[in-house]
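Q: Before I ask anything, let me first share the structure, which is written out below as structure tokens.
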Amino acid sequence: MSNSNIHTNLSFDDTLIAFKHQNDQEIKRSFWLFKLISLPLLVKIGPKITNAALWFKLPIKGIIKATIFRQFCGGETIEECTKTIRKLTEAGVGTILDYSVEGEEEEFIFDQTAIEIIKTIKKAVEMPQAIPFCVFKVTGVARFAVLQKVNAKEKLSELEQKEWDKTKERVEGICKAAFEADQQMMIDAEESWIQLAIDDLALEMMRKFNRKKAIIFNTYQLYRHDKLADLKSDLELAIAESFFLGAKLVRGAYMEKERNRALELKYSSPIQPNKMATDKDYDAAVAFCLEHLNRISFVAGTHNQQSCEFLIQKMKVQNISPQQKEIYFSQLLGMSDNLSFNLSNSGYHVAKYVPYGPVKAVLPYLFRRAEENTAIAGQMGRELILLSKEIKRRKL
């Protein structure tokens, strides 16, 4: 694993590279959008106002599509995403195609969603250099209440058992299509009270389809205090049962929800006691994966600059090339471009999450992004400083 092609001049403050793919108008639009998202009150009341406006059929879809949707989503359809995919590819950044419809209740919608996810695999086959990963949420193809009962190991009614069997069929259909197309597929993490059911499904899919290499990836939310241990025990299982482990490492996206539910139902919170503990486990998970590249492929999904620097440094020390096929960095579309494009420019594998779907259906995703941004200390400030710096640089 040659170290010769590691660039030593990587700087996450280089705004020329970070925003090269955006014209002046796009830069200014991003700046004002992040300015608005940095207002906690607006983020708090925004979802209620938006949902009410949609309920009363007020014409706000165009406003949403031209602002927050345009920043964080690739389009309403796969075809609409093509322009974004190509733009990212030109900058050496891959796409993680994500049909972001979730939280539905109808069986026919779950079937439609499964079909749409398989279409993302077909799109990846059409654009092999552009789309290294596809991704799906199990709640996109299953009813939350059924997942919750399976997770709690409660007895299912006859109808629920049929639903669960159908869910497993859909998940296997998606993973089989990914395997047959030789396309890496990630299963997203969700709330702790359905996550065990998702983990079991993911491991079952890895047993079936990760015999020769990692095709199916599960997600480990390291803001949970038990997830580092889960990663280690899953590797033991992979070794014992002769399959490869695919792991996406993230901090997590449901912290407030998790803490509030634990308080309300009076059980011990699964969330780490503080950010320091989360950071420590995240870095430990990264180091663990690097030590076992013969059996683990992993995606470092992070907007944390220190985490990126930690992984880069570890790769240098262990003489691992930036082009090592088992390692990817990942960020969300519309955020942390200073990480994504500077990493890519220095030869590292990087992919952006590109969510898509009907505007109304992806609102839960968009609201989470806005809330997440205001919750992350310094995230908004950093985005605004970098955008402001680039605007000034272009004026000069």
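Just remember, in the structure tokens the first chain shown is A, the second B, etc., residues are 1-based per chain, and ligands are 1-based in the order shown.
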Within region 148-247 of chain A, find each residue whose DSSP state, derived from the backbone, is alpha helix (DSSP H), and express the selection as an MDAnalysis selection string.

A: chainID A and resid 148:151 158:180 192:209 227:240

Q: Kindly provide the residues of region 245-351 of chain A that approach region 171-192 of chain A to within 9 Å, each paired with its closest atom pair and their distance in Å to one decimal, based on only C-alpha atoms, listed by chain and increasing number, as JSON lines.

A:
```
{"residue": "A:Gly246", "atom": "CA", "partner": "A:Met186", "partner_atom": "CA", "distance": 8.2}
{"residue": "A:Ala247", "atom": "CA", "partner": "A:Met186", "partner_atom": "CA", "distance": 8.3}
{"residue": "A:Lys248", "atom": "CA", "partner": "A:Met186", "partner_atom": "CA", "distance": 7.5}
{"residue": "A:Gly252", "atom": "CA", "partner": "A:Ala189", "partner_atom": "CA", "distance": 8.1}
{"residue": "A:Ala253", "atom": "CA", "partner": "A:Glu190", "partner_atom": "CA", "distance": 8.1}
{"residue": "A:Tyr254", "atom": "CA", "partner": "A:Glu191", "partner_atom": "CA", "distance": 6.6}
{"residue": "A:Lys257", "atom": "CA", "partner": "A:Glu191", "partner_atom": "CA", "distance": 8.4}
{"residue": "A:Glu258", "atom": "CA", "partner": "A:Glu191", "partner_atom": "CA", "distance": 7.2}
{"residue": "A:Pro270", "atom": "CA", "partner": "A:Ser192", "partner_atom": "CA", "distance": 7.5}
```

Q: May I have the residues within 10 Å of Glu160 (chain A) as a list in words, using only C-alpha atoms and disregarding those fewer than 6 positions away in the same chain?

A: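 Neighbouring residues, sequence-local ones excluded: Arg143, Ala145, Val146, Leu147, Lys149, Val150 and Lys166 of chain A.
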
Q: Any chance you could export the current selection's N, CA and C atoms as a CSV table (one decimal), in the first residue's frame?

A:
```
chain,number,residue,atom,x,y,z
A,143,ARG,N,-43.2,-0.5,7.8
A,143,ARG,CA,-44.0,0.3,8.8
A,143,ARG,C,-43.2,0.4,10.1
A,145,ALA,N,-44.1,0.9,13.2
A,145,ALA,CA,-44.7,0.2,14.3
A,145,ALA,C,-44.4,-1.3,14.3
A,146,VAL,N,-44.3,-1.9,13.1
A,146,VAL,CA,-43.9,-3.3,12.9
A,146,VAL,C,-42.4,-3.5,13.3
A,147,LEU,N,-41.6,-2.6,12.8
A,147,LEU,CA,-40.2,-2.6,13.2
A,147,LEU,C,-40.0,-2.5,14.7
A,149,LYS,N,-42.0,-3.4,17.1
A,149,LYS,CA,-42.4,-4.7,17.7
A,149,LYS,C,-41.4,-5.8,17.5
A,150,VAL,N,-40.9,-5.9,16.3
A,150,VAL,CA,-39.8,-6.9,16.0
A,150,VAL,C,-38.6,-6.6,16.8
A,166,LYS,N,-42.9,-9.5,4.2
A,166,LYS,CA,-42.8,-8.7,3.0
A,166,LYS,C,-41.7,-7.7,3.1
```

Q: Near Phe133 (chain A), within 10 Å and counting only C-alpha atoms, which residues show up once chain neighbours fewer than 4 positions away are dropped, as a VMD selection string?

A: chain A and resid 94 to 98 120 to 121 124 128 178 183 to 186 215 to 217 351 to 353

Q: Please save N, CA and C atoms of the selected residues as a compact mmCIF listing (two decimals), in the first residue's frame.

A:
```txt
# COMPACT_ATOMS: atom_id res chain seq x y z
N GLY A 94 -17.70 11.46 -5.76
CA GLY A 94 -18.74 10.50 -6.10
C GLY A 94 -20.09 10.90 -5.53
N THR A 95 -21.12 10.18 -5.96
CA THR A 95 -22.49 10.42 -5.49
C THR A 95 -23.00 9.18 -4.76
N ILE A 96 -23.67 9.43 -3.63
CA ILE A 96 -24.42 8.38 -2.94
C ILE A 96 -25.88 8.70 -3.21
N LEU A 97 -26.49 7.96 -4.12
CA LEU A 97 -27.85 8.27 -4.55
C LEU A 97 -28.85 7.77 -3.52
N ASP A 98 -29.68 8.70 -3.00
CA ASP A 98 -30.52 8.42 -1.85
C ASP A 98 -31.96 8.88 -2.09
N THR A 120 -32.10 3.25 -8.50
CA THR A 120 -30.83 3.95 -8.19
C THR A 120 -29.65 3.04 -8.52
N ILE A 121 -29.83 1.74 -8.32
CA ILE A 121 -28.77 0.77 -8.65
C ILE A 121 -28.54 0.78 -10.17
N ALA A 124 -26.63 3.74 -11.17
CA ALA A 124 -25.21 3.58 -10.82
C ALA A 124 -24.49 2.73 -11.86
N PRO A 128 -20.95 4.26 -13.83
CA PRO A 128 -20.15 3.50 -12.85
C PRO A 128 -19.08 4.29 -12.11
N ALA A 178 -28.35 -5.16 -5.79
CA ALA A 178 -27.04 -4.50 -5.61
C ALA A 178 -25.91 -5.50 -5.84
N GLN A 183 -22.79 -3.42 -7.00
CA GLN A 183 -22.96 -2.03 -6.58
C GLN A 183 -23.05 -1.95 -5.06
N GLN A 184 -22.18 -1.16 -4.44
CA GLN A 184 -22.20 -1.04 -2.98
C GLN A 184 -23.49 -0.35 -2.52
N MET A 185 -24.11 -0.92 -1.47
CA MET A 185 -25.39 -0.42 -0.97
C MET A 185 -25.31 -0.25 0.55
N MET A 186 -25.65 0.95 1.02
CA MET A 186 -25.63 1.23 2.45
C MET A 186 -27.04 1.20 3.03
N ILE A 215 -20.37 -5.54 -0.14
CA ILE A 215 -21.37 -4.95 -1.03
C ILE A 215 -22.40 -4.21 -0.18
N ILE A 216 -22.85 -4.88 0.89
CA ILE A 216 -23.84 -4.30 1.80
C ILE A 216 -23.12 -3.68 3.01
N PHE A 217 -23.51 -2.44 3.34
CA PHE A 217 -22.90 -1.71 4.46
C PHE A 217 -23.98 -1.39 5.49
N ALA A 351 -17.43 10.79 -1.38
CA ALA A 351 -18.76 10.73 -2.01
C ALA A 351 -19.73 11.60 -1.22
N LYS A 352 -20.56 12.32 -1.94
CA LYS A 352 -21.60 13.15 -1.32
C LYS A 352 -22.94 12.41 -1.33
N TYR A 353 -23.67 12.49 -0.22
CA TYR A 353 -25.06 12.03 -0.18
C TYR A 353 -25.88 12.96 -1.07
```

Q: Would you mind listing, for every residue of region 47-134 of chain A within 12 Å of region 314-333 of chain A, the two atoms forming the shortest contact and the distance between them in Å to one decimal, using only C-alpha atoms, sorted by chain and ascending residue number, as CSV?

A:
```
residue,atom,partner,partner_atom,distance
A:Ile68,CA,A:Leu333,CA,11.3
A:Phe69,CA,A:Leu333,CA,10.6
A:Arg70,CA,A:Leu333,CA,9.8
A:Gln71,CA,A:Leu333,CA,7.4
A:Phe72,CA,A:Leu333,CA,5.3
A:Cys73,CA,A:Leu333,CA,6.8
A:Gly74,CA,A:Leu333,CA,8.1
A:Gly75,CA,A:Leu333,CA,11.6
A:Cys81,CA,A:Leu333,CA,11.5
A:Thr84,CA,A:Leu333,CA,9.4
A:Ile85,CA,A:Leu333,CA,10.5
A:Lys87,CA,A:Leu333,CA,11.7
A:Leu88,CA,A:Leu333,CA,9.6
A:Val93,CA,A:Ser330,CA,9.4
A:Gly94,CA,A:Ser330,CA,9.0
A:Thr95,CA,A:Leu333,CA,9.0
A:Ile96,CA,A:Ser330,CA,8.8
A:Leu97,CA,A:Leu333,CA,10.6
A:Asp98,CA,A:Leu332,CA,10.7
A:Pro132,CA,A:Tyr328,CA,9.6
A:Phe133,CA,A:Tyr328,CA,10.2
```

Q: Which is closest to Phe34 (chain A) among A:Ser157, A:Thr139, A:Ser336, A:Asn342, if we use only C-alpha atoms?

A: A:Ser336

Q: Between CA of Leu311 (chain A) and CA of Asn274 (chain A), what distance in Å does the model show, to one decimal?

A: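 Interatomic distance here is 21.6 Å.
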
Q: How far is it from CA of Ile118 (chain A) to CA of Val135 (chain A), in Å with one decimal?

A: 10.1 Å

Q: Pick the closest to Thr302 (chain A) from A:Asp279, A:Met255, A:Ala287, A:Gln112: which is it, counting only C-alpha atoms?

A: A:Asp279

Q: Can you list, as an MDAnalysis selection string, every residue of region 326-361 of chain A that DSSP puts in strand (DSSP E)?

A: chainID A and resid 327:332 350:356

Q: Give me, please, the distance in Å between CA of Phe244 (chain A) and CA of Ile131 (chain A), quoted to one decimal.

A: 21.0 Å

Q: From the options A:Val250, A:Leu235, A:Ala18, A:Leu263, which residue's atoms come nearest to Gln221 (chain A), counting only C-alpha atoms?

A: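 For Gln221 (chain A), the nearest of the given residues is A:Val250.
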
Q: Between A:Gly92, A:Asp165, A:Ser242, A:Lys137, which one has atoms that come closest to Met206 (chain A), using only C-alpha atoms?

A: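 Closest candidate: A:Ser242.
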
Q: Pick the closest to Ile385 (chain A) from A:Ile117, A:Lys162, A:His225, A:Thr15: which is it, counting only C-alpha atoms?

A: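 Checking each of A:Ile117, A:Lys162, A:His225, A:Thr15 against Ile385 (chain A), counting only C-alpha atoms, the winner is A:Thr15.
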